[in-house]
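> Hey, dropping work-v8.cif in here, mmCIF, C-alpha atoms:
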```
data_query
#
loop_
_atom_site.label_atom_id
_atom_site.label_comp_id
_atom_site.auth_asym_id
_atom_site.auth_seq_id
_atom_site.Cartn_x
_atom_site.Cartn_y
_atom_site.Cartn_z
CA MET A 12 -28.23 85.87 -30.22
CA LEU A 13 -28.81 83.36 -27.45
CA ALA A 14 -31.64 80.97 -28.17
CA PRO A 15 -33.38 80.26 -24.88
CA ASP A 16 -35.39 77.45 -26.46
CA ALA A 17 -32.34 75.34 -27.21
CA HIS A 18 -32.48 73.65 -23.81
CA PRO A 19 -30.76 70.45 -22.88
CA LEU A 20 -33.65 68.03 -22.60
CA LEU A 21 -32.30 64.53 -22.61
CA PRO A 22 -30.55 62.10 -20.26
CA ALA A 23 -27.14 63.47 -19.43
CA ASP A 24 -25.39 60.38 -20.79
CA LEU A 25 -26.97 60.57 -24.26
CA ILE A 26 -24.46 61.78 -26.82
CA ALA A 27 -24.24 62.04 -30.58
CA CYS A 28 -21.09 60.88 -32.37
CA HIS A 29 -19.39 63.97 -33.76
CA GLU A 30 -18.32 62.10 -36.88
CA CYS A 31 -21.37 60.03 -37.85
CA ASP A 32 -24.14 61.64 -35.74
CA LEU A 33 -25.29 58.34 -34.20
CA LEU A 34 -27.12 58.75 -30.89
CA GLN A 35 -25.77 56.52 -28.14
CA ARG A 36 -25.35 56.36 -24.41
CA GLU A 37 -21.99 57.34 -23.04
CA PRO A 38 -20.77 54.43 -20.89
CA ALA A 39 -19.41 55.09 -17.43
CA LEU A 40 -15.65 54.99 -17.86
CA ALA A 41 -13.13 53.65 -15.38
CA PRO A 42 -9.92 55.70 -15.15
CA GLY A 43 -7.81 55.14 -18.23
CA GLU A 44 -10.68 53.85 -20.35
CA THR A 45 -11.91 55.37 -23.59
CA ALA A 46 -15.31 55.26 -25.28
CA ARG A 47 -15.63 54.85 -29.03
CA CYS A 48 -18.60 55.23 -31.36
CA THR A 49 -20.29 51.86 -31.93
CA ARG A 50 -20.78 52.61 -35.62
CA CYS A 51 -17.76 54.53 -36.91
CA GLY A 52 -15.22 54.05 -34.13
CA ALA A 53 -14.65 57.75 -33.48
CA LEU A 54 -13.21 58.63 -30.09
CA LEU A 55 -16.13 59.86 -27.99
CA ALA A 56 -14.75 60.27 -24.50
CA ARG A 57 -11.75 59.48 -22.38
CA ASN A 58 -11.32 59.27 -18.65
CA PRO A 59 -7.66 60.00 -17.96
CA PRO A 60 -6.77 59.29 -14.33
CA ASP A 61 -6.04 62.26 -12.08
CA SER A 62 -6.77 64.55 -14.99
CA ILE A 63 -6.54 68.06 -13.57
CA ASP A 64 -3.41 67.61 -11.46
CA ARG A 65 -1.49 65.78 -14.15
CA SER A 66 -2.40 68.08 -17.02
CA LEU A 67 -1.74 71.16 -14.89
CA ALA A 68 1.72 69.90 -13.93
CA LEU A 69 2.50 69.10 -17.55
CA ALA A 70 1.16 72.44 -18.79
CA CYS A 71 3.40 74.32 -16.32
CA THR A 72 6.38 72.27 -17.48
CA ALA A 73 5.48 73.07 -21.07
CA ALA A 74 5.33 76.80 -20.27
CA VAL A 75 8.88 76.74 -18.90
CA LEU A 76 10.13 74.72 -21.86
CA TYR A 77 8.40 77.10 -24.25
CA LEU A 78 10.28 80.05 -22.74
CA ILE A 79 13.61 78.25 -23.06
CA ALA A 80 12.81 77.19 -26.60
CA ASN A 81 12.23 80.78 -27.64
CA LEU A 82 14.90 82.64 -25.69
CA TYR A 83 17.90 80.47 -26.54
CA PRO A 84 19.34 79.79 -30.00
CA LEU A 85 17.78 76.83 -31.78
CA VAL A 86 20.60 75.84 -34.09
CA GLY A 87 23.95 77.17 -35.16
CA LEU A 88 26.34 76.77 -38.03
CA GLU A 89 30.11 77.07 -38.12
CA MET A 90 31.84 77.71 -41.41
CA GLN A 91 35.47 78.71 -41.90
CA GLY A 92 35.71 80.25 -38.48
CA ARG A 93 32.45 82.16 -38.79
CA ARG A 94 29.61 81.19 -36.56
CA VAL A 95 25.90 81.84 -37.00
CA GLU A 96 23.25 81.05 -34.42
CA VAL A 97 19.54 81.72 -34.74
CA THR A 98 16.58 81.85 -32.42
CA LEU A 99 13.12 81.18 -33.78
CA ALA A 100 12.29 84.89 -33.74
CA GLY A 101 15.59 85.65 -35.46
CA ALA A 102 14.83 83.19 -38.24
CA LEU A 103 11.43 84.80 -38.79
CA HIS A 104 13.07 88.24 -38.90
CA ILE A 105 15.50 87.16 -41.63
CA LEU A 106 12.75 85.48 -43.64
CA TRP A 107 10.56 88.57 -43.37
CA HIS A 108 13.30 90.88 -44.65
CA ASP A 109 14.04 88.44 -47.43
CA GLY A 110 10.72 89.37 -49.04
CA MET A 111 8.99 86.24 -47.76
CA GLY A 112 6.42 87.97 -45.57
CA PRO A 113 3.62 85.42 -46.04
CA VAL A 114 5.90 82.47 -45.30
CA ALA A 115 7.36 84.20 -42.24
CA ALA A 116 3.84 84.93 -41.01
CA LEU A 117 2.79 81.31 -41.54
CA VAL A 118 5.80 79.97 -39.64
CA GLY A 119 5.38 82.56 -36.90
CA VAL A 120 1.75 81.67 -36.39
CA THR A 121 2.17 77.88 -36.46
CA ALA A 122 5.47 77.49 -34.59
CA LEU A 123 5.44 80.47 -32.24
CA LEU A 124 2.05 82.06 -31.66
CA PHE A 125 -0.45 79.19 -31.68
CA PRO A 126 1.53 76.84 -29.43
CA VAL A 127 1.75 79.53 -26.74
CA LEU A 128 -1.89 80.48 -27.24
CA GLU A 129 -2.88 76.84 -26.78
CA LEU A 130 -0.77 76.63 -23.65
CA LEU A 131 -2.21 79.82 -22.15
CA MET A 132 -5.77 78.70 -22.85
CA ILE A 133 -5.13 75.28 -21.27
CA LEU A 134 -3.80 77.05 -18.17
CA ALA A 135 -6.74 79.48 -18.19
CA VAL A 136 -9.08 76.48 -18.08
CA LEU A 137 -7.07 74.31 -15.68
CA VAL A 138 -6.21 76.81 -12.96
CA PRO A 139 -9.83 77.71 -12.12
CA LEU A 140 -10.77 74.02 -12.34
CA ARG A 141 -8.01 73.14 -9.89
CA LEU A 142 -9.26 75.83 -7.53
CA GLY A 143 -12.71 74.24 -7.72
CA ARG A 144 -14.33 76.94 -9.80
CA ALA A 145 -15.72 75.01 -12.74
CA SER A 146 -17.92 77.39 -14.64
CA PRO A 147 -19.38 77.74 -18.11
CA ARG A 148 -17.42 80.96 -18.36
CA LEU A 149 -14.38 78.81 -19.14
CA ALA A 150 -16.09 77.72 -22.35
CA PRO A 151 -14.75 80.50 -24.62
CA PHE A 152 -11.18 79.65 -23.62
CA PHE A 153 -11.75 76.01 -24.33
CA ARG A 154 -13.34 76.83 -27.68
CA LEU A 155 -10.22 78.78 -28.54
CA VAL A 156 -8.02 75.81 -27.58
CA ARG A 157 -10.01 73.58 -29.89
CA SER A 158 -9.82 75.94 -32.85
CA VAL A 159 -6.12 76.69 -32.37
CA GLN A 160 -4.96 73.11 -31.74
CA PRO A 161 -4.64 71.87 -35.34
CA TRP A 162 -2.43 74.84 -36.22
CA GLY A 163 0.24 74.42 -33.57
CA MET A 164 2.94 72.43 -35.34
CA VAL A 165 5.96 72.33 -33.06
CA GLU A 166 6.66 68.68 -33.87
CA VAL A 167 6.65 69.32 -37.61
CA PHE A 168 8.95 72.27 -37.03
CA LEU A 169 11.41 70.06 -35.17
CA LEU A 170 11.47 67.55 -38.01
CA GLY A 171 11.96 70.42 -40.45
CA MET A 172 14.96 71.57 -38.44
CA LEU A 173 16.46 68.08 -38.58
CA VAL A 174 16.01 67.88 -42.34
CA SER A 175 17.63 71.27 -42.89
CA LEU A 176 20.53 70.37 -40.60
CA VAL A 177 21.18 67.17 -42.54
CA LYS A 178 21.17 69.26 -45.72
CA LEU A 179 23.74 71.58 -44.21
CA SER A 180 25.94 69.01 -42.50
CA HIS A 181 28.13 68.57 -45.59
CA LEU A 182 28.58 72.32 -45.88
CA ALA A 183 29.45 73.34 -42.35
CA THR A 184 29.57 72.19 -38.74
CA VAL A 185 26.12 72.04 -37.24
CA ILE A 186 25.52 73.03 -33.61
CA LEU A 187 22.35 72.04 -31.81
CA GLY A 188 21.35 74.82 -29.44
CA THR A 189 19.68 74.75 -26.03
CA ALA A 190 16.35 75.67 -27.55
CA PHE A 191 16.48 72.66 -29.85
CA TRP A 192 16.43 70.24 -26.93
CA ALA A 193 13.87 72.35 -25.06
CA MET A 194 11.63 72.16 -28.11
CA ALA A 195 12.05 68.39 -28.37
CA ALA A 196 11.02 68.06 -24.72
CA LEU A 197 8.18 70.55 -25.27
CA ILE A 198 6.62 68.29 -27.92
CA VAL A 199 6.59 65.31 -25.55
CA VAL A 200 5.19 67.33 -22.65
CA LEU A 201 2.52 69.02 -24.79
CA THR A 202 1.37 65.66 -26.14
CA LEU A 203 1.19 64.19 -22.64
CA ALA A 204 -0.69 67.26 -21.36
CA GLY A 205 -3.24 66.90 -24.14
CA ARG A 206 -3.70 63.23 -23.29
CA ALA A 207 -4.02 63.86 -19.58
CA PHE A 208 -6.74 66.46 -19.96
CA ASP A 209 -10.38 65.41 -19.86
CA PRO A 210 -12.48 68.09 -21.62
CA ARG A 211 -15.65 66.81 -19.95
CA LEU A 212 -14.45 68.37 -16.68
CA ILE A 213 -15.24 71.82 -18.04
CA TRP A 214 -18.91 71.03 -18.56
CA GLN A 215 -19.49 69.09 -15.36
CA THR A 216 -20.69 72.00 -13.27
CA PRO A 217 -21.98 71.02 -9.82
CA GLU A 218 -25.65 71.65 -10.53
CA GLN A 219 -25.51 69.66 -13.73
CA ALA A 220 -24.04 66.63 -12.01
CA SER A 221 -26.74 66.50 -9.33
CA THR A 222 -29.98 67.13 -11.20
CA PRO A 223 -31.12 65.63 -14.49
CA ALA A 224 -31.28 67.95 -17.46
CA PRO A 225 -34.65 69.69 -17.71
CA THR A 226 -37.07 68.53 -20.36
CA ALA A 227 -38.06 71.35 -22.64
CA THR A 228 -41.06 71.75 -24.85
CA PRO A 229 -40.06 71.60 -28.48
CA MET B 3 -21.55 44.49 -34.20
CA THR B 4 -25.09 44.67 -32.89
CA HIS B 5 -27.67 45.53 -35.52
CA ARG B 6 -30.01 47.62 -33.50
CA PRO B 7 -31.91 50.51 -35.05
CA ALA B 8 -29.49 53.33 -35.62
CA LEU B 9 -30.97 56.71 -34.81
CA THR B 10 -28.98 59.80 -35.55
CA ALA B 11 -29.26 63.09 -33.72
CA ARG B 12 -30.57 64.69 -36.92
CA GLN B 13 -33.40 62.12 -37.19
CA ALA B 14 -34.27 62.76 -33.56
CA GLY B 15 -34.46 66.46 -34.34
CA LEU B 16 -31.44 67.29 -32.23
CA LEU B 17 -28.43 69.47 -32.78
CA SER B 18 -25.13 68.41 -31.26
CA CYS B 19 -22.63 71.07 -30.27
CA HIS B 20 -19.33 70.53 -32.06
CA ILE B 21 -17.37 71.98 -29.15
CA CYS B 22 -18.82 70.42 -26.02
CA GLY B 23 -21.06 67.68 -27.43
CA GLN B 24 -24.22 68.96 -25.77
CA LEU B 25 -27.43 67.89 -27.48
CA ALA B 26 -30.09 70.54 -27.95
CA ARG B 27 -33.45 70.80 -29.63
CA PRO B 28 -33.88 73.76 -31.98
CA PRO B 29 -36.76 76.10 -31.06
CA ALA B 30 -40.05 75.35 -32.85
CA THR B 31 -40.17 78.90 -34.09
CA GLY B 32 -37.09 78.23 -36.16
CA GLY B 33 -34.68 81.08 -36.26
CA HIS B 34 -31.06 81.52 -37.15
CA ALA B 35 -27.84 81.86 -35.19
CA LEU B 36 -28.63 79.24 -32.55
CA ARG B 37 -26.20 78.91 -29.69
CA CYS B 38 -25.29 75.95 -27.51
CA PRO B 39 -27.12 76.21 -24.16
CA ARG B 40 -24.06 74.89 -22.34
CA CYS B 41 -20.99 76.47 -23.94
CA ASN B 42 -22.57 79.15 -26.14
CA ALA B 43 -20.81 77.97 -29.30
CA PRO B 44 -22.75 78.48 -32.56
CA LEU B 45 -24.98 75.46 -33.23
CA HIS B 46 -25.48 73.96 -36.67
CA LEU B 47 -27.12 70.74 -37.78
CA ARG B 48 -24.18 70.30 -40.17
CA LYS B 49 -21.23 72.54 -40.84
CA PRO B 50 -22.72 75.38 -42.91
CA ALA B 51 -22.09 75.20 -46.69
CA SER B 52 -19.74 72.31 -46.00
CA LEU B 53 -19.46 70.86 -49.51
CA ALA B 54 -19.31 74.18 -51.38
CA THR B 55 -16.55 75.45 -49.08
CA THR B 56 -14.61 72.21 -49.36
CA TRP B 57 -14.84 72.23 -53.16
CA ALA B 58 -13.66 75.84 -53.39
CA LEU B 59 -10.69 75.31 -51.09
CA VAL B 60 -9.64 72.03 -52.72
CA LEU B 61 -9.82 73.60 -56.17
CA ALA B 62 -7.67 76.54 -55.07
CA ALA B 63 -5.17 74.14 -53.49
CA ALA B 64 -5.01 72.00 -56.64
CA ILE B 65 -4.27 75.06 -58.78
CA LEU B 66 -1.54 76.30 -56.44
CA PHE B 67 -0.01 72.82 -56.27
CA VAL B 68 1.33 73.35 -59.82
CA PRO B 69 3.49 76.46 -59.18
CA ALA B 70 4.48 75.01 -55.81
CA ASN B 71 6.19 72.14 -57.59
CA LEU B 72 7.43 73.89 -60.72
CA LEU B 73 8.84 77.13 -59.32
CA PRO B 74 12.08 77.20 -57.33
CA MET B 75 11.69 76.63 -53.60
CA MET B 76 15.08 78.09 -52.78
CA THR B 77 18.03 79.77 -54.40
CA THR B 78 21.54 78.96 -53.21
CA ALA B 79 24.27 81.43 -54.05
CA SER B 80 27.75 80.13 -53.27
CA LEU B 81 31.30 80.31 -54.59
CA LEU B 82 30.32 77.63 -57.08
CA GLY B 83 27.56 79.74 -58.60
CA THR B 84 23.83 80.15 -58.19
CA GLN B 85 21.53 77.16 -57.96
CA HIS B 86 17.74 77.02 -58.04
CA ASP B 87 16.05 74.14 -56.24
CA THR B 88 12.49 72.95 -56.59
CA ILE B 89 10.89 70.61 -54.06
CA MET B 90 11.73 67.59 -56.21
CA SER B 91 15.37 68.56 -56.79
CA GLY B 92 15.73 69.01 -53.03
CA VAL B 93 14.51 65.45 -52.56
CA ILE B 94 16.91 64.19 -55.23
CA PHE B 95 19.77 66.05 -53.58
CA LEU B 96 19.02 64.39 -50.23
CA TRP B 97 18.80 60.99 -51.94
CA GLN B 98 22.12 61.39 -53.74
CA SER B 99 23.92 62.67 -50.67
CA GLY B 100 23.14 59.38 -48.98
CA SER B 101 20.42 60.38 -46.53
CA TRP B 102 17.68 58.42 -48.26
CA PRO B 103 15.47 58.05 -45.16
CA LEU B 104 15.16 61.84 -45.02
CA ALA B 105 14.68 61.99 -48.78
CA ALA B 106 11.76 59.60 -48.36
CA VAL B 107 10.30 61.67 -45.50
CA VAL B 108 10.54 64.92 -47.46
CA PHE B 109 9.16 63.34 -50.63
CA PHE B 110 6.27 61.88 -48.71
CA ALA B 111 5.49 65.04 -46.72
CA SER B 112 5.93 67.55 -49.53
CA VAL B 113 4.78 65.76 -52.68
CA MET B 114 2.72 62.69 -51.84
CA VAL B 115 0.75 64.02 -48.86
CA PRO B 116 -0.56 67.21 -50.53
CA LEU B 117 -1.37 65.31 -53.73
CA LEU B 118 -3.12 62.41 -52.01
CA LYS B 119 -4.88 64.84 -49.70
CA ILE B 120 -6.35 66.80 -52.59
CA MET B 121 -7.44 63.57 -54.28
CA ALA B 122 -8.94 62.19 -51.07
CA LEU B 123 -10.90 65.40 -50.41
CA VAL B 124 -12.21 65.41 -54.00
CA TYR B 125 -13.35 61.82 -53.54
CA LEU B 126 -14.96 62.53 -50.15
CA ALA B 127 -16.74 65.65 -51.35
CA ALA B 128 -17.90 64.01 -54.59
CA SER B 129 -19.21 60.86 -52.88
CA ALA B 130 -20.97 62.92 -50.20
CA GLN B 131 -22.53 65.10 -52.86
CA ARG B 132 -23.80 62.07 -54.82
CA ARG B 133 -25.17 60.84 -51.46
CA SER B 134 -23.29 57.60 -51.92
CA ARG B 135 -24.03 54.84 -49.43
CA ARG B 136 -20.96 52.77 -50.20
CA GLN B 137 -18.34 52.04 -47.54
CA PRO B 138 -19.10 54.85 -45.10
CA LEU B 139 -16.70 53.43 -42.55
CA GLN B 140 -13.79 53.38 -44.98
CA ARG B 141 -14.56 56.93 -46.06
CA THR B 142 -14.70 58.10 -42.44
CA ARG B 143 -11.31 56.50 -41.86
CA LEU B 144 -9.96 58.22 -44.95
CA TYR B 145 -11.22 61.53 -43.59
CA ARG B 146 -9.48 60.93 -40.25
CA LEU B 147 -6.25 60.12 -42.07
CA VAL B 148 -6.49 63.31 -44.14
CA GLU B 149 -7.03 65.38 -41.00
CA PHE B 150 -4.18 63.72 -39.14
CA VAL B 151 -1.57 63.74 -41.85
CA GLY B 152 -2.18 67.20 -43.29
CA ARG B 153 -0.06 69.16 -40.84
CA TRP B 154 3.10 67.24 -41.78
CA SER B 155 3.14 68.90 -45.20
CA MET B 156 4.38 72.04 -43.47
CA LEU B 157 7.76 70.32 -43.23
CA ASP B 158 9.28 71.97 -46.29
CA ILE B 159 8.22 75.43 -45.16
CA TYR B 160 10.14 74.94 -41.92
CA VAL B 161 13.16 73.50 -43.72
CA ILE B 162 13.29 76.65 -45.85
CA THR B 163 12.95 78.88 -42.78
CA ILE B 164 15.93 77.32 -41.05
CA LEU B 165 18.06 77.17 -44.21
CA VAL B 166 17.44 80.81 -45.06
CA ALA B 167 18.12 81.91 -41.49
CA LEU B 168 21.31 79.90 -41.05
CA VAL B 169 23.05 80.14 -44.39
CA GLN B 170 23.82 83.83 -44.39
CA PHE B 171 27.58 83.77 -44.92
CA GLN B 172 27.98 86.80 -47.14
CA GLY B 173 30.56 86.07 -49.81
CA LEU B 174 30.61 82.34 -49.10
CA ALA B 175 27.06 81.09 -49.35
CA THR B 176 23.58 82.49 -48.96
CA ILE B 177 20.21 80.83 -49.34
CA GLN B 178 17.03 82.66 -50.29
CA ALA B 179 13.48 81.37 -50.36
CA GLY B 180 11.84 81.18 -53.77
CA PRO B 181 8.29 81.89 -54.94
CA ALA B 182 7.30 78.22 -54.58
CA ALA B 183 7.53 78.60 -50.81
CA VAL B 184 4.54 80.98 -50.79
CA ALA B 185 2.54 78.75 -53.14
CA PHE B 186 3.38 75.64 -51.17
CA GLY B 187 2.46 77.26 -47.85
CA ALA B 188 -0.87 78.26 -49.39
CA VAL B 189 -1.49 74.67 -50.55
CA VAL B 190 -0.95 73.35 -47.03
CA VAL B 191 -3.17 75.97 -45.39
CA LEU B 192 -5.93 75.62 -48.00
CA THR B 193 -6.05 71.81 -47.75
CA MET B 194 -6.15 72.04 -43.96
CA PHE B 195 -9.08 74.44 -44.13
CA ALA B 196 -10.73 72.21 -46.73
CA ALA B 197 -10.48 69.19 -44.42
CA MET B 198 -11.90 71.25 -41.54
CA SER B 199 -14.84 72.51 -43.57
CA PHE B 200 -15.82 69.00 -44.67
CA ASP B 201 -18.41 67.50 -42.34
CA PRO B 202 -17.88 63.72 -41.94
CA ARG B 203 -21.50 63.33 -40.85
CA LEU B 204 -22.49 63.99 -44.48
CA ILE B 205 -20.97 60.57 -45.25
CA TRP B 206 -23.50 58.92 -42.95
CA ASP B 207 -26.58 61.01 -43.68
CA PRO B 208 -27.68 59.10 -46.82
CA ILE B 209 -27.60 55.83 -44.86
CA ALA B 210 -29.84 57.23 -42.14
CA ASP B 211 -32.22 58.60 -44.77
CA ALA B 212 -32.44 55.39 -46.78
CA SER B 213 -33.14 52.81 -44.09
CA PRO B 214 -33.13 53.92 -40.50
CA SER B 215 -33.44 50.38 -39.18
CA GLU B 216 -30.86 48.64 -41.36
CA PRO B 217 -27.13 48.68 -40.80
CA PRO B 218 -24.91 50.12 -43.56
CA HIS B 219 -23.46 47.61 -45.98
CA ASP B 220 -19.72 47.92 -46.13
#
```
Once you've parsed the file, please lay out its structure as structure tokens.


Amino acid sequence: MLAPDAHPLLPADLIACHECDLLQREPALAPGETARCTRCGALLARNPPDSIDRSLALACTAAVLYLIANLYPLVGLEMQGRRVEVTLAGALHILWHDGMGPVAALVGVTALLFPVLELLMILAVLVPLRLGRASPRLAPFFRLVRSVQPWGMVEVFLLGMLVSLVKLSHLATVILGTAFWAMAALIVVLTLAGRAFDPRLIWQTPEQASTPAPTATP
Amino acid sequence: MTHRPALTARQAGLLSCHICGQLARPPATGGHALRCPRCNAPLHLRKPASLATTWALVLAAAILFVPANLLPMMTTASLLGTQHDTIMSGVIFLWQSGSWPLAAVVFFASVMVPLLKIMALVYLAASAQRRSRRQPLQRTRLYRLVEFVGRWSMLDIYVITILVALVQFQGLATIQAGPAAVAFGAVVVLTMFAAMSFDPRLIWDPIADASPSEPPHD
């Protein structure tokens, strides 16, 4: 399936905007700067300072928070002396047995599975990079991160929890569990980790940085 | 804005990888199933069958939007009797119980966002199909907004999950999810896929074809 003729053949700093296809040169970015498309304003590249160390630290933090968020009860309810507490997995279990299989699957995938998948893939890319082993073999992991990213919706889930708790607050006493706060922190840390990571690091293999891309015959 | 000749990757005969941004020239022999020379992702000039896929998904979402709003989202059984709630009656309940900021959030996320998203995608797909050259920048911004805001429609699905899981006080009050939850979840997923299958570069292609040296009029 690999097409050997599809060589890179142009200056390494030539890029096409992924939203309007305009060819332009990628400017050299100082740490903290971003490059935007000159025609449509799409974000083309960022140069977050200290990218690998910061995003690795944040990703490890996120992993710990993710464990807490899933092992401890999220929210609880107290009503006439009876107390109910649920974890995320417990909520999915109830929904599933309530005949709402598709909805339970959707929630499980977006709030439980894809966030952890995203986290694992980020770590799978970052750890070898930190150890100085940048290689194109990391590409499949990164591709997975990119395709999974839009479907991880922890922040929407947290807002959904708040709405449902407000709905219930007139009915019973609402208890915010440990996992609730872990999840709130997880959202912040995940966002920061995403911002700290520079995807260009994956493609900057040593040989590519030193020699210009070969010119191929069309 | 500098009015220099705008050359797109397509005009230069180049494919840009949607994962890593690498530019590559397709082999002269033609051939299908090209792969990115750097990250091995499948290479396409444009997302394959972009408009047809977008139309199909938007149409399916528009059809499902009707039962999602008409059927009950949840059924509350309590000492006071059984009550069926649609999305709208849930919003009205929040409004009347005094939490109008949350009522506004839920109304926006569950009713306005899916509706506006379907309308925006119809407009984007229709204008791209007519090869319209009007206001490409505004349409690109609209596309970005649709992509960004879409995930927040999942809110109601999560609200239902938590409500069903928590309110399980047998004999006092129980909440069950209704058929609208499945339809609504499908609307959210379908519109997200529709936004992903739409290729924003199709907005800019007619401009490049018409006058490669003139800037777009917007």

> Any idea what's packed within 12 Å of Gly52 of chain A, counting all atoms listed in the file, ignoring anything in its chain fewer than 4 positions away? Could you give it as a ChimeraX atom specification?

/A:28-33,45-48,56 /B:3,138-140,142-143,146

> Report, in Å with one decimal, the straight-line distance from atom CA of Val60 of chain B to atom CA of Phe153 of chain A.

28.7 Å

> Up to 7 Å from chain A, what residues of chain B turn up? Count only C-alpha atoms and give them as a PDB file with C-alpha atoms, in the coordinates of the input.


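Here's the written file iface-v7.pdb:
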```pdb
ATOM      1  CA  ALA B   8     -29.490  53.330 -35.620  1.00  0.00           C
ATOM      2  CA  LEU B   9     -30.970  56.710 -34.810  1.00  0.00           C
ATOM      3  CA  THR B  10     -28.980  59.800 -35.550  1.00  0.00           C
ATOM      4  CA  ALA B  11     -29.260  63.090 -33.720  1.00  0.00           C
ATOM      5  CA  SER B  18     -25.130  68.410 -31.260  1.00  0.00           C
ATOM      6  CA  HIS B  20     -19.330  70.530 -32.060  1.00  0.00           C
ATOM      7  CA  ILE B  21     -17.370  71.980 -29.150  1.00  0.00           C
ATOM      8  CA  GLY B  23     -21.060  67.680 -27.430  1.00  0.00           C
ATOM      9  CA  LEU B  25     -27.430  67.890 -27.480  1.00  0.00           C
ATOM     10  CA  ALA B  26     -30.090  70.540 -27.950  1.00  0.00           C
ATOM     11  CA  ARG B  27     -33.450  70.800 -29.630  1.00  0.00           C
ATOM     12  CA  PRO B  28     -33.880  73.760 -31.980  1.00  0.00           C
ATOM     13  CA  PRO B  29     -36.760  76.100 -31.060  1.00  0.00           C
ATOM     14  CA  ALA B  30     -40.050  75.350 -32.850  1.00  0.00           C
ATOM     15  CA  ALA B  35     -27.840  81.860 -35.190  1.00  0.00           C
ATOM     16  CA  LEU B  36     -28.630  79.240 -32.550  1.00  0.00           C
ATOM     17  CA  ARG B  37     -26.200  78.910 -29.690  1.00  0.00           C
ATOM     18  CA  PRO B  39     -27.120  76.210 -24.160  1.00  0.00           C
ATOM     19  CA  ARG B  40     -24.060  74.890 -22.340  1.00  0.00           C
ATOM     20  CA  CYS B  41     -20.990  76.470 -23.940  1.00  0.00           C
ATOM     21  CA  LEU B  96      19.020  64.390 -50.230  1.00  0.00           C
ATOM     22  CA  LEU B 104      15.160  61.840 -45.020  1.00  0.00           C
ATOM     23  CA  LEU B 139     -16.700  53.430 -42.550  1.00  0.00           C
ATOM     24  CA  TRP B 154       3.100  67.240 -41.780  1.00  0.00           C
ATOM     25  CA  MET B 156       4.380  72.040 -43.470  1.00  0.00           C
ATOM     26  CA  LEU B 157       7.760  70.320 -43.230  1.00  0.00           C
ATOM     27  CA  ASP B 158       9.280  71.970 -46.290  1.00  0.00           C
ATOM     28  CA  TYR B 160      10.140  74.940 -41.920  1.00  0.00           C
ATOM     29  CA  VAL B 161      13.160  73.500 -43.720  1.00  0.00           C
ATOM     30  CA  THR B 163      12.950  78.880 -42.780  1.00  0.00           C
ATOM     31  CA  ILE B 164      15.930  77.320 -41.050  1.00  0.00           C
ATOM     32  CA  LEU B 165      18.060  77.170 -44.210  1.00  0.00           C
ATOM     33  CA  VAL B 166      17.440  80.810 -45.060  1.00  0.00           C
ATOM     34  CA  ALA B 167      18.120  81.910 -41.490  1.00  0.00           C
ATOM     35  CA  LEU B 168      21.310  79.900 -41.050  1.00  0.00           C
ATOM     36  CA  ALA B 183       7.530  78.600 -50.810  1.00  0.00           C
ATOM     37  CA  VAL B 184       4.540  80.980 -50.790  1.00  0.00           C
ATOM     38  CA  GLY B 187       2.460  77.260 -47.850  1.00  0.00           C
ATOM     39  CA  PRO B 202     -17.880  63.720 -41.940  1.00  0.00           C
ATOM     40  CA  ARG B 203     -21.500  63.330 -40.850  1.00  0.00           C
ATOM     41  CA  TRP B 206     -23.500  58.920 -42.950  1.00  0.00           C
TER      42      TRP B 206
END
```

> Name the residues that the PyMOL selection byres ((chain B and resi 90) around 10) picks from the file above, as an MDAnalysis selection string, using the file's chain letters and numbers.

chainID B and resid 71:72 74:75 87:89 91:96 105 108:109 112:113

> List the residues matched by the PyMOL selection byres ((chain B and resi 185) around 8) in the displayed structure as a list in words, ordered by chain and then by residue number.

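When the PyMOL selection byres ((chain B and resi 185) around 8) is applied, the selected residues are Leu66, Phe67, Pro69, Ala70, Pro181, Ala182, Ala183, Val184, Phe186, Gly187, Ala188 and Val189 of chain B.
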
> What is the distance, in Å and to one decimal place, between atom CA of Val165 of chain A and atom CA of Pro42 of chain A?

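Value for the atom CA of Val165 of chain A-atom CA of Pro42 of chain A distance: 29.1 Å.
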
> Please determine, counting all atoms listed in the file, which residue among A:Ile79, A:Arg65, A:Ala74, A:Pro60 has the shortest atom-to-atom distance to Thr189 of chain A.

A:Ile79

> May I have the residues within 8 Å of Gln160 of chain A as JSON, numbers by chain, using only C-alpha atoms and disregarding those fewer than 6 positions away in the same chain?

{"A": [125, 126, 129]}

> What does the distance from atom CA of Arg136 of chain B to atom CA of Leu17 of chain B come to in Å, to one decimal?

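So the answer is 25.3 Å.
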